[in-house]
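Just start22.tsv here, TSV, C-alpha atoms and all ligand atoms:
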chain	number	residue	atom	x	y	z
O	1	MET	CA	-17.72	19.82	-19.74
O	2	PRO	CA	-18.41	17.99	-22.98
O	3	GLU	CA	-17.64	14.58	-21.56
O	4	ASP	CA	-20.50	13.00	-19.73
O	5	SER	CA	-19.01	9.63	-18.88
O	6	GLU	CA	-18.71	9.07	-15.16
O	7	LEU	CA	-16.52	5.99	-15.45
O	8	THR	CA	-12.83	5.92	-14.73
O	9	LEU	CA	-10.23	3.24	-15.25
O	10	GLY	CA	-8.12	2.40	-12.23
O	11	ILE	CA	-4.77	0.68	-12.59
O	12	ASP	CA	-2.98	-0.67	-9.52
O	13	LEU	CA	0.55	-1.37	-10.67
O	14	GLY	CA	2.32	-3.35	-7.98
O	15	GLY	CA	5.59	-5.19	-7.89
O	16	SER	CA	3.86	-8.56	-8.03
O	17	LYS	CA	0.52	-7.90	-9.73
O	18	ILE	CA	-1.39	-5.50	-11.92
O	19	ILE	CA	-5.06	-4.99	-11.07
O	20	THR	CA	-7.17	-2.93	-13.47
O	21	ALA	CA	-10.83	-2.05	-13.12
O	22	VAL	CA	-13.55	0.07	-14.67
O	23	VAL	CA	-15.06	1.96	-11.76
O	24	ASP	CA	-18.11	4.20	-11.36
O	25	PRO	CA	-18.22	7.25	-9.04
O	26	GLN	CA	-19.82	5.18	-6.26
O	27	GLY	CA	-16.86	2.82	-6.23
O	28	GLU	CA	-18.65	-0.02	-7.99
O	29	MET	CA	-16.29	-2.08	-10.10
O	30	LEU	CA	-17.81	-2.93	-13.48
O	31	SER	CA	-14.92	-5.27	-14.16
O	32	SER	CA	-11.61	-6.30	-12.71
O	33	SER	CA	-8.60	-7.75	-14.44
O	34	GLU	CA	-5.65	-9.15	-12.58
O	35	SER	CA	-2.33	-10.29	-14.00
O	36	ILE	CA	1.17	-11.01	-12.80
O	37	THR	CA	3.61	-8.12	-13.15
O	38	PRO	CA	6.30	-9.36	-15.51
O	39	THR	CA	9.73	-9.36	-13.90
O	40	THR	CA	11.19	-7.77	-16.99
O	41	LYS	CA	13.71	-4.97	-17.05
O	42	GLU	CA	12.41	-3.95	-20.46
O	43	ARG	CA	10.26	-0.88	-20.28
O	44	GLU	CA	8.20	-1.62	-23.38
O	45	ALA	CA	7.30	-5.14	-22.24
O	46	LEU	CA	6.05	-3.87	-18.91
O	47	ILE	CA	4.07	-1.06	-20.51
O	48	GLN	CA	2.50	-3.56	-22.88
O	49	SER	CA	1.39	-5.65	-19.88
O	50	ILE	CA	-0.27	-2.58	-18.38
O	51	LEU	CA	-2.05	-1.85	-21.66
O	52	ASP	CA	-3.15	-5.48	-22.00
O	53	SER	CA	-4.57	-5.36	-18.51
O	54	ALA	CA	-6.44	-2.14	-19.34
O	55	HIS	CA	-7.91	-3.55	-22.55
O	56	HIS	CA	-8.96	-6.71	-20.73
O	57	ALA	CA	-10.79	-4.75	-18.04
O	58	LEU	CA	-12.52	-2.59	-20.67
O	59	LYS	CA	-13.61	-5.61	-22.66
O	60	GLN	CA	-14.89	-7.35	-19.56
O	61	ALA	CA	-16.96	-4.30	-18.65
O	62	GLY	CA	-18.22	-3.91	-22.22
O	63	VAL	CA	-16.97	-0.33	-22.27
O	64	ALA	CA	-14.99	1.30	-25.07
O	65	ILE	CA	-12.04	3.48	-24.09
O	66	SER	CA	-14.08	6.46	-25.32
O	67	GLY	CA	-16.53	5.70	-22.52
O	68	ILE	CA	-13.84	6.29	-19.92
O	69	ARG	CA	-13.50	9.79	-18.52
O	70	ALA	CA	-9.99	9.45	-17.13
O	71	ILE	CA	-7.39	6.94	-16.03
O	72	GLY	CA	-5.72	6.73	-12.62
O	73	VAL	CA	-2.50	4.79	-12.18
O	74	GLY	CA	-1.32	3.85	-8.70
O	75	ALA	CA	2.26	2.69	-9.07
O	76	ALA	CA	4.60	1.13	-6.52
O	77	GLY	CA	7.52	3.48	-5.96
O	78	ILE	CA	8.39	7.11	-5.47
O	79	SER	CA	6.50	9.20	-7.97
O	80	ASN	CA	5.69	12.85	-8.56
O	81	PRO	CA	1.97	13.23	-9.35
O	82	GLU	CA	2.48	16.78	-10.66
O	83	ALA	CA	5.08	15.75	-13.20
O	84	GLY	CA	3.61	12.30	-13.83
O	85	ILE	CA	6.99	10.68	-13.38
O	86	LEU	CA	7.93	7.53	-11.55
O	87	PHE	CA	11.41	8.14	-10.09
O	88	THR	CA	12.45	4.95	-8.40
O	89	SER	CA	10.64	1.75	-7.89
O	90	PRO	CA	12.62	-1.11	-6.36
O	91	ASN	CA	9.93	-3.55	-7.50
O	92	LEU	CA	9.54	-2.14	-11.01
O	93	PRO	CA	13.11	-1.65	-12.26
O	94	ALA	CA	11.90	-1.27	-15.85
O	95	LEU	CA	10.16	1.98	-14.97
O	96	ARG	CA	12.93	3.97	-13.34
O	97	ASN	CA	12.66	7.69	-14.18
O	98	VAL	CA	9.84	7.10	-16.63
O	99	LEU	CA	7.08	9.57	-17.51
O	100	LEU	CA	4.55	6.84	-16.97
O	101	ARG	CA	1.52	9.14	-16.89
O	102	ASP	CA	2.20	10.55	-20.36
O	103	ILE	CA	2.98	7.14	-21.85
O	104	ILE	CA	-0.33	5.66	-20.66
O	105	GLN	CA	-2.19	8.80	-21.70
O	106	GLU	CA	-0.70	8.67	-25.17
O	107	ARG	CA	-1.26	4.95	-25.69
O	108	LEU	CA	-4.81	4.84	-24.38
O	109	GLY	CA	-5.86	8.31	-25.49
O	110	ARG	CA	-7.50	9.34	-22.23
O	111	LYS	CA	-6.45	11.89	-19.61
O	112	THR	CA	-4.26	10.03	-17.13
O	113	PHE	CA	-3.10	10.71	-13.58
O	114	LEU	CA	-0.29	9.04	-11.66
O	115	ILE	CA	-0.07	8.49	-7.93
O	116	ASN	CA	1.87	6.28	-5.53
O	117	ASP	CA	0.13	2.94	-4.91
O	118	ALA	CA	-0.17	3.34	-1.14
O	119	ASP	CA	-1.49	6.88	-1.60
O	120	ALA	CA	-4.03	5.43	-4.01
O	121	ALA	CA	-5.03	2.82	-1.42
O	122	ALA	CA	-5.47	5.57	1.17
O	123	LEU	CA	-7.78	7.44	-1.23
O	124	GLY	CA	-9.68	4.22	-1.90
O	125	GLU	CA	-10.36	3.88	1.82
O	126	PHE	CA	-11.25	7.58	1.99
O	127	TYR	CA	-13.84	7.50	-0.78
O	128	PHE	CA	-15.24	4.00	-0.47
O	129	GLY	CA	-13.82	2.19	2.57
O	130	ALA	CA	-13.03	2.45	6.26
O	131	ALA	CA	-12.15	6.16	6.20
O	132	ARG	CA	-15.31	7.51	4.55
O	133	GLY	CA	-16.13	10.91	6.02
O	134	VAL	CA	-12.82	11.17	7.90
O	135	SER	CA	-10.66	14.02	6.66
O	136	ASN	CA	-7.51	13.44	8.78
O	137	PHE	CA	-6.26	9.92	8.76
O	138	ILE	CA	-3.30	7.72	7.99
O	139	TYR	CA	-3.43	4.54	5.99
O	140	VAL	CA	-0.80	1.96	6.84
O	141	THR	CA	-0.31	-1.25	4.93
O	142	LEU	CA	1.58	-4.00	6.73
O	143	SER	CA	2.76	-6.40	4.08
O	144	THR	CA	6.11	-7.65	2.78
O	145	GLY	CA	7.11	-4.02	3.41
O	146	ILE	CA	5.21	-1.18	5.05
O	147	GLY	CA	3.50	1.48	2.97
O	148	GLY	CA	1.42	4.45	3.89
O	149	GLY	CA	-0.70	7.35	2.78
O	150	ILE	CA	-1.37	10.51	4.74
O	151	VAL	CA	-4.68	12.30	4.23
O	152	ILE	CA	-4.91	15.83	5.63
O	153	ASP	CA	-8.13	17.85	5.29
O	154	GLY	CA	-9.41	15.33	2.78
O	155	LYS	CA	-6.36	15.56	0.51
O	156	ILE	CA	-3.52	13.14	0.09
O	157	TYR	CA	-0.35	14.77	1.39
O	158	THR	CA	2.36	14.23	-1.22
O	159	GLY	CA	5.13	16.58	-0.05
O	160	ALA	CA	7.62	18.63	-2.06
O	161	ILE	CA	8.30	16.09	-4.82
O	162	GLY	CA	5.62	13.50	-4.14
O	163	ALA	CA	7.72	11.32	-1.84
O	164	ALA	CA	5.74	11.92	1.37
O	165	GLY	CA	4.02	9.14	3.26
O	166	GLU	CA	6.87	6.64	3.14
O	167	VAL	CA	6.07	5.68	6.72
O	168	GLY	CA	7.76	2.29	6.34
O	169	HIS	CA	11.11	4.06	6.12
O	170	MET	CA	11.08	6.02	9.35
O	171	THR	CA	14.04	4.92	11.43
O	172	ILE	CA	12.99	2.92	14.48
O	173	ASP	CA	16.37	1.43	15.40
O	174	GLU	CA	19.38	3.36	14.15
O	175	ASN	CA	21.50	0.21	14.34
O	176	GLY	CA	18.80	-2.09	13.03
O	177	PRO	CA	18.73	-4.39	9.99
O	178	ASN	CA	19.65	-3.05	6.56
O	179	CYS	CA	16.73	-1.80	4.49
O	180	ASN	CA	16.19	-1.97	0.72
O	181	CYS	CA	16.14	1.83	0.70
O	182	GLY	CA	19.79	2.05	1.81
O	183	ASN	CA	19.04	3.10	5.38
O	184	ARG	CA	19.00	0.74	8.34
O	185	GLY	CA	16.50	0.02	11.07
O	186	CYS	CA	13.55	1.37	9.06
O	187	TRP	CA	10.10	0.51	10.42
O	188	GLU	CA	9.60	-2.10	7.69
O	189	THR	CA	12.83	-3.89	8.62
O	190	LEU	CA	11.29	-4.56	12.05
O	191	ALA	CA	7.53	-4.70	11.67
O	192	SER	CA	6.77	-6.17	8.22
O	193	GLY	CA	6.00	-9.71	7.13
O	194	THR	CA	9.54	-9.95	5.79
O	195	ALA	CA	10.93	-8.93	9.19
O	196	LEU	CA	8.77	-11.50	10.96
O	197	ALA	CA	9.94	-14.27	8.64
O	198	ARG	CA	13.58	-13.19	9.00
O	199	GLU	CA	13.41	-13.37	12.79
O	200	ALA	CA	11.80	-16.81	12.64
O	201	LYS	CA	14.53	-18.06	10.31
O	202	ASN	CA	17.18	-16.72	12.69
O	203	ARG	CA	15.59	-18.51	15.63
O	204	ILE	CA	15.25	-21.77	13.73
O	205	ALA	CA	18.85	-21.56	12.47
O	206	GLY	CA	19.86	-20.96	16.08
O	207	GLY	CA	18.31	-24.30	17.06
O	208	VAL	CA	15.13	-23.08	18.78
O	209	ARG	CA	12.41	-25.73	19.01
O	210	THR	CA	9.32	-24.67	17.09
O	211	SER	CA	6.72	-26.21	14.79
O	212	ILE	CA	7.00	-23.34	12.31
O	213	LEU	CA	9.03	-25.45	9.89
O	214	GLU	CA	6.18	-27.97	9.64
O	215	TYR	CA	4.08	-25.27	8.00
O	216	ALA	CA	6.88	-24.37	5.59
O	217	GLU	CA	7.37	-27.77	3.98
O	218	GLY	CA	10.29	-28.37	6.34
O	219	ASP	CA	12.33	-25.83	4.38
O	220	ILE	CA	13.72	-22.87	6.29
O	221	GLU	CA	13.78	-20.84	3.08
O	222	LYS	CA	10.01	-21.27	2.81
O	223	VAL	CA	9.25	-19.79	6.22
O	224	THR	CA	6.72	-17.00	5.69
O	225	ALA	CA	4.60	-14.80	7.93
O	226	GLN	CA	1.70	-17.05	6.96
O	227	ALA	CA	3.52	-20.18	8.19
O	228	ILE	CA	4.35	-18.44	11.47
O	229	HIS	CA	0.74	-17.35	11.89
O	230	THR	CA	-0.49	-20.91	11.31
O	231	ALA	CA	2.01	-22.28	13.86
O	232	ALA	CA	0.89	-19.65	16.36
O	233	GLN	CA	-2.76	-20.59	15.83
O	234	GLN	CA	-1.78	-24.18	16.67
O	235	GLY	CA	-0.32	-22.95	19.96
O	236	ASP	CA	3.37	-22.73	19.08
O	237	SER	CA	4.85	-20.45	21.73
O	238	VAL	CA	7.85	-19.35	19.65
O	239	ALA	CA	5.55	-18.32	16.79
O	240	LYS	CA	3.29	-16.43	19.20
O	241	GLU	CA	6.25	-14.63	20.71
O	242	LEU	CA	7.62	-13.70	17.28
O	243	ILE	CA	4.27	-12.22	16.26
O	244	ALA	CA	4.00	-10.30	19.55
O	245	ARG	CA	7.51	-8.96	19.00
O	246	THR	CA	6.55	-7.78	15.51
O	247	GLY	CA	3.42	-6.24	17.03
O	248	TYR	CA	5.61	-4.38	19.49
O	249	TYR	CA	7.49	-2.76	16.62
O	250	VAL	CA	4.25	-2.02	14.77
O	251	GLY	CA	3.21	-0.14	17.91
O	252	VAL	CA	6.43	1.88	18.13
O	253	GLY	CA	5.85	3.18	14.59
O	254	LEU	CA	2.17	3.88	15.25
O	255	ALA	CA	3.13	5.94	18.32
O	256	ASN	CA	5.39	8.09	16.14
O	257	LEU	CA	2.61	8.64	13.59
O	258	ILE	CA	0.13	9.52	16.33
O	259	ASN	CA	2.49	12.08	17.89
O	260	ILE	CA	3.39	13.69	14.59
O	261	PHE	CA	-0.02	13.78	12.90
O	262	ASN	CA	-2.62	13.50	15.68
O	263	PRO	CA	-4.88	11.63	13.22
O	264	GLU	CA	-8.56	10.92	13.85
O	265	LEU	CA	-8.13	7.48	12.41
O	266	ILE	CA	-5.44	5.02	11.41
O	267	VAL	CA	-6.59	2.48	8.83
O	268	ILE	CA	-4.50	-0.67	8.85
O	269	GLY	CA	-4.39	-2.96	5.84
O	270	GLY	CA	-2.03	-5.39	4.15
O	271	GLY	CA	-1.61	-9.13	4.33
O	272	LEU	CA	0.27	-9.15	7.64
O	273	SER	CA	-2.55	-7.26	9.38
O	274	THR	CA	-4.92	-10.17	8.74
O	275	ILE	CA	-3.13	-11.92	11.64
O	276	GLY	CA	-5.39	-9.71	13.74
O	277	ASP	CA	-5.35	-9.46	17.53
O	278	MET	CA	-2.22	-11.53	18.05
O	279	LEU	CA	-0.30	-8.81	16.19
O	280	LEU	CA	-2.42	-5.73	16.77
O	281	LYS	CA	-3.19	-6.02	20.47
O	282	PRO	CA	0.47	-5.67	21.48
O	283	ALA	CA	0.81	-2.96	18.81
O	284	PHE	CA	-2.01	-0.83	20.24
O	285	LYS	CA	-0.73	-1.42	23.78
O	286	VAL	CA	2.75	-0.15	22.92
O	287	ALA	CA	1.32	2.77	20.93
O	288	GLY	CA	-0.74	3.72	23.98
O	289	GLU	CA	2.31	3.58	26.24
O	290	ARG	CA	4.50	5.66	23.94
O	291	ALA	CA	2.25	8.25	22.34
O	292	PHE	CA	0.86	11.34	24.04
O	293	LYS	CA	-2.10	10.22	26.10
O	294	GLU	CA	-4.52	12.79	24.67
O	295	ALA	CA	-3.51	12.05	21.09
O	296	PHE	CA	-3.78	8.31	21.63
O	297	GLN	CA	-7.22	8.68	23.19
O	298	ALA	CA	-8.33	10.69	20.16
O	299	VAL	CA	-7.31	8.14	17.54
O	300	ARG	CA	-9.41	5.25	16.27
O	301	PHE	CA	-8.00	2.21	14.55
O	302	ALA	CA	-9.85	0.42	11.76
O	303	SER	CA	-9.10	-2.42	9.40
O	304	ALA	CA	-8.94	-1.54	5.72
O	305	GLY	CA	-12.40	-2.05	4.28
O	306	LEU	CA	-11.56	-2.75	0.65
O	307	GLY	CA	-8.95	-5.46	1.00
O	308	ARG	CA	-6.91	-5.97	-2.12
O	309	ASN	CA	-9.07	-3.55	-4.13
O	310	SER	CA	-8.20	-0.42	-2.15
O	311	GLY	CA	-5.39	0.46	-4.58
O	312	VAL	CA	-7.33	0.05	-7.81
O	313	LEU	CA	-10.42	1.80	-6.44
O	314	GLY	CA	-8.27	4.61	-5.09
O	315	ALA	CA	-6.46	5.05	-8.41
O	316	ALA	CA	-9.84	5.30	-10.15
O	317	ALA	CA	-11.10	7.75	-7.52
O	318	TYR	CA	-7.96	9.85	-7.87
O	319	ALA	CA	-8.60	10.21	-11.60
O	320	PHE	CA	-12.17	11.24	-10.91
O	321	GLN	CA	-11.10	13.70	-8.21
O	322	GLU	CA	-8.45	15.31	-10.41
O	323	MET	CA	-10.82	15.59	-13.39
O	324	LYS	CA	-13.39	17.31	-11.21
O	325	GLU	CA	-10.81	19.67	-9.81
O	326	HIS	CA	-9.40	20.57	-13.20
O	327	SER	CA	-12.83	21.07	-14.75
O	328	SER	CA	-13.73	23.65	-12.11
O	329	GLU	CA	-10.55	25.65	-12.58
O	401	ZN	ZN	14.06	1.92	4.46

For the structure just supplied, provide its representation as structure tokens.
Amino acid sequence: MPEDSELTLGIDLGGSKIITAVVDPQGEMLSSSESITPTTKEREALIQSILDSAHHALKQAGVAISGIRAIGVGAAGISNPEAGILFTSPNLPALRNVLLRDIIQERLGRKTFLINDADAAALGEFYFGAARGVSNFIYVTLSTGIGGGIVIDGKIYTGAIGAAGEVGHMTIDENGPNCNCGNRGCWETLASGTALAREAKNRIAGGVRTSILEYAEGDIEKVTAQAIHTAAQQGDSVAKELIARTGYYVGVGLANLINIFNPELIVIGGGLSTIGDMLLKPAFKVAGERAFKEAFQAVRFASAGLGRNSGVLGAAAYAFQEMKEHSSE
């Protein structure tokens, strides 16, 4: 192996932000650059933003691109890591059916690997976070949607074409709300931050008395999961009930995952999960009622340990892992 650099460049390409970092094998970030993902439909403009972010992170770390061993890109959307292609990405319309891996590799001149962003976050938790030393676990991110990554025997499970782990799109209610994916009643239509806000808006529009609006500038359109959480913390009973209801649906999905995968650990991350007990206590209760008793007793739950950096650290770790694997072939 002629290359002795141990540094990788991680790129977390999300629908709302791009986080890029130079990372060492211990998961230390030598730099971190964050920018807003442009809402452009032009492929070249979006790629340029990714490259800008990469150059910024390199400069900040004082590292030349030649000092980087490999690049890992965790991108929002359905991707095939083998082919390096991003198929569909509702939040990144400019990158539909794009060979993103090869484009980044060509432009930056370093070996590049592509992975789904939630899979990257799962790997981040596996190498550096709450799942260190655990070889069978599921990472679930409760956010505006619900994402997931499945790690089996220490490897991310990607499925036939790389689309595995889309836990947010398991059907929970066959007649439930329409989902962005085209299905209805998906887990994320019932248990995400978006679902929580939607239910609150429905209640408010229906004339229910609640203080939630006070935390949303009096504007029903500005009702967010955060506003509902704040109202609940102030004792608002409607807000508390809405969060418990969301927790109930979180638990239904967790029970399914427990029965299918019998994981040692479920790591829960994402902005909505920071609500904590008010959401998760009812979730764990329902999961315990619905899952097989033995499987439920065998699972531990943990909060994501890396916060917003799980994706970028995981993308960097993925590059490192793949380089190691390929060098020993
Ligand atoms: Zn769906």

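The space separating atom CA of O:Arg110 from atom CA of O:Leu9 comes to 9.7 Å.
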
key: Shell of 6 Å around O:Tyr139, all atoms listed in the file, local chain residues under 2 positions omitted, as a ChimeraX atom specification   = /O:122,148-149,266-267

How close does each residue of chain O get to ligand ZN 401 (chain O), giving the shortest atom pair and distance in Å to one decimal for every residue with an atom at most 12 Å away, counting only C-alpha atoms and all ligand atoms, sorted by chain and residue number, as JSON lines?
{"residue": "O:Pro90", "atom": "CA", "partner": "O:ZN401", "partner_atom": "ZN", "distance": 11.3}
{"residue": "O:Gly145", "atom": "CA", "partner": "O:ZN401", "partner_atom": "ZN", "distance": 9.2}
{"residue": "O:Ile146", "atom": "CA", "partner": "O:ZN401", "partner_atom": "ZN", "distance": 9.4}
{"residue": "O:Gly147", "atom": "CA", "partner": "O:ZN401", "partner_atom": "ZN", "distance": 10.7}
{"residue": "O:Glu166", "atom": "CA", "partner": "O:ZN401", "partner_atom": "ZN", "distance": 8.7}
{"residue": "O:Val167", "atom": "CA", "partner": "O:ZN401", "partner_atom": "ZN", "distance": 9.1}
{"residue": "O:Gly168", "atom": "CA", "partner": "O:ZN401", "partner_atom": "ZN", "distance": 6.6}
{"residue": "O:His169", "atom": "CA", "partner": "O:ZN401", "partner_atom": "ZN", "distance": 4.0}
{"residue": "O:Met170", "atom": "CA", "partner": "O:ZN401", "partner_atom": "ZN", "distance": 7.0}
{"residue": "O:Thr171", "atom": "CA", "partner": "O:ZN401", "partner_atom": "ZN", "distance": 7.6}
{"residue": "O:Ile172", "atom": "CA", "partner": "O:ZN401", "partner_atom": "ZN", "distance": 10.1}
{"residue": "O:Asp173", "atom": "CA", "partner": "O:ZN401", "partner_atom": "ZN", "distance": 11.2}
{"residue": "O:Glu174", "atom": "CA", "partner": "O:ZN401", "partner_atom": "ZN", "distance": 11.1}
{"residue": "O:Gly176", "atom": "CA", "partner": "O:ZN401", "partner_atom": "ZN", "distance": 10.6}
{"residue": "O:Pro177", "atom": "CA", "partner": "O:ZN401", "partner_atom": "ZN", "distance": 9.6}
{"residue": "O:Asn178", "atom": "CA", "partner": "O:ZN401", "partner_atom": "ZN", "distance": 7.8}
{"residue": "O:Cys179", "atom": "CA", "partner": "O:ZN401", "partner_atom": "ZN", "distance": 4.6}
{"residue": "O:Asn180", "atom": "CA", "partner": "O:ZN401", "partner_atom": "ZN", "distance": 5.8}
{"residue": "O:Cys181", "atom": "CA", "partner": "O:ZN401", "partner_atom": "ZN", "distance": 4.3}
{"residue": "O:Gly182", "atom": "CA", "partner": "O:ZN401", "partner_atom": "ZN", "distance": 6.3}
{"residue": "O:Asn183", "atom": "CA", "partner": "O:ZN401", "partner_atom": "ZN", "distance": 5.2}
{"residue": "O:Arg184", "atom": "CA", "partner": "O:ZN401", "partner_atom": "ZN", "distance": 6.4}
{"residue": "O:Gly185", "atom": "CA", "partner": "O:ZN401", "partner_atom": "ZN", "distance": 7.3}
{"residue": "O:Cys186", "atom": "CA", "partner": "O:ZN401", "partner_atom": "ZN", "distance": 4.7}
{"residue": "O:Trp187", "atom": "CA", "partner": "O:ZN401", "partner_atom": "ZN", "distance": 7.3}
{"residue": "O:Glu188", "atom": "CA", "partner": "O:ZN401", "partner_atom": "ZN", "distance": 6.8}
{"residue": "O:Thr189", "atom": "CA", "partner": "O:ZN401", "partner_atom": "ZN", "distance": 7.3}
{"residue": "O:Leu190", "atom": "CA", "partner": "O:ZN401", "partner_atom": "ZN", "distance": 10.4}
{"residue": "O:Ala191", "atom": "CA", "partner": "O:ZN401", "partner_atom": "ZN", "distance": 11.8}
{"residue": "O:Ser192", "atom": "CA", "partner": "O:ZN401", "partner_atom": "ZN", "distance": 11.5}

ask   = So how many Å separate atom CA of O:Tyr157 and atom CA of O:Phe301, to one decimal?
value =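 That distance, rounded to one decimal, is 19.7 Å.
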
inquiry  = Restricting the calculation to all atoms listed in the file: of O:Leu30, O:Met278, O:Val134, O:Val73, which residue gets closest to O:Ala319?
reply    = O:Val73

Fewer than 4 positions away in the same chain doesn't count, so skip those; otherwise give me all residues within 12 Å of O:Gly235, counting all atoms listed in the file, as a tab-separated table (two decimals) with C-alpha atoms, keeping the file's coordinate frame.
chain	number	residue	atom	x	y	z
O	210	THR	CA	9.32	-24.67	17.09
O	211	SER	CA	6.72	-26.21	14.79
O	212	ILE	CA	7.00	-23.34	12.31
O	228	ILE	CA	4.35	-18.44	11.47
O	229	HIS	CA	0.74	-17.35	11.89
O	230	THR	CA	-0.49	-20.91	11.31
O	231	ALA	CA	2.01	-22.28	13.86
O	239	ALA	CA	5.55	-18.32	16.79
O	240	LYS	CA	3.29	-16.43	19.20
O	241	GLU	CA	6.25	-14.63	20.71
O	278	MET	CA	-2.22	-11.53	18.05

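Among the candidates O:Lys111, O:Arg96, O:Arg198, O:Lys17, the one nearest to O:Arg69 when counting only C-alpha atoms is O:Lys111.
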
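Here atom CA of O:Glu294 is placed at a distance of 9.2 Å from atom CA of O:Asn262.
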
ask   = Which is closest to O:Gln60 among O:Leu100, O:Ala21, O:Ser89, O:Asn202, if we use all atoms listed in the file?
value =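 Once distances to O:Gln60 are computed over all atoms listed in the file, the minimum belongs to O:Ala21.
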
Taking (5.3, 7.8, -16.3) in the file's own coordinates, collect the residues within 9 Å, counting all atoms listed in the file, and hand them back as a PDB file with C-alpha atoms, in the frame of the given file.
ATOM      1  CA  SER O  79       6.500   9.200  -7.970  1.00  0.00           C
ATOM      2  CA  ALA O  83       5.080  15.750 -13.200  1.00  0.00           C
ATOM      3  CA  GLY O  84       3.610  12.300 -13.830  1.00  0.00           C
ATOM      4  CA  ILE O  85       6.990  10.680 -13.380  1.00  0.00           C
ATOM      5  CA  LEU O  86       7.930   7.530 -11.550  1.00  0.00           C
ATOM      6  CA  PHE O  87      11.410   8.140 -10.090  1.00  0.00           C
ATOM      7  CA  LEU O  95      10.160   1.980 -14.970  1.00  0.00           C
ATOM      8  CA  ASN O  97      12.660   7.690 -14.180  1.00  0.00           C
ATOM      9  CA  VAL O  98       9.840   7.100 -16.630  1.00  0.00           C
ATOM     10  CA  LEU O  99       7.080   9.570 -17.510  1.00  0.00           C
ATOM     11  CA  LEU O 100       4.550   6.840 -16.970  1.00  0.00           C
ATOM     12  CA  ARG O 101       1.520   9.140 -16.890  1.00  0.00           C
ATOM     13  CA  ASP O 102       2.200  10.550 -20.360  1.00  0.00           C
ATOM     14  CA  ILE O 103       2.980   7.140 -21.850  1.00  0.00           C
ATOM     15  CA  ILE O 104      -0.330   5.660 -20.660  1.00  0.00           C
ATOM     16  CA  LEU O 114      -0.290   9.040 -11.660  1.00  0.00           C
TER      17      LEU O 114
END

ask   = Within 9 Å of O:Gly288, counting only C-alpha atoms, which residues qualify if same-chain residues fewer than 6 places away don't, as a ChimeraX atom specification?
value = /O:251,255,296-297

message = With distances taken over all atoms listed in the file, which residue among O:Arg290, O:Lys201, O:Arg245, O:Arg43 lies nearest O:Gly218?
response =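 Answer, going by the shortest atom-to-atom distance: O:Lys201.
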
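Remark: for O:Ile275, the closest of the candidate residues O:Val312, O:Leu51, O:Gln226, O:Ser32 is O:Gln226 (distances computed over all atoms listed in the file).
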
ask   = With all atoms listed in the file as the basis for distance, which of O:Leu257, O:Leu58, O:Ile243, O:Ile115 is at the shortest distance from O:Lys281?
value = O:Ile243

query = What's the 9 Å shell around O:Glu28, counting all atoms listed in the file, without same-chain residues fewer than 5 positions away, as a list in words?
reply =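 Once the nearby chain positions are removed, what remains is Val22, Val23 and Leu313 of chain O.
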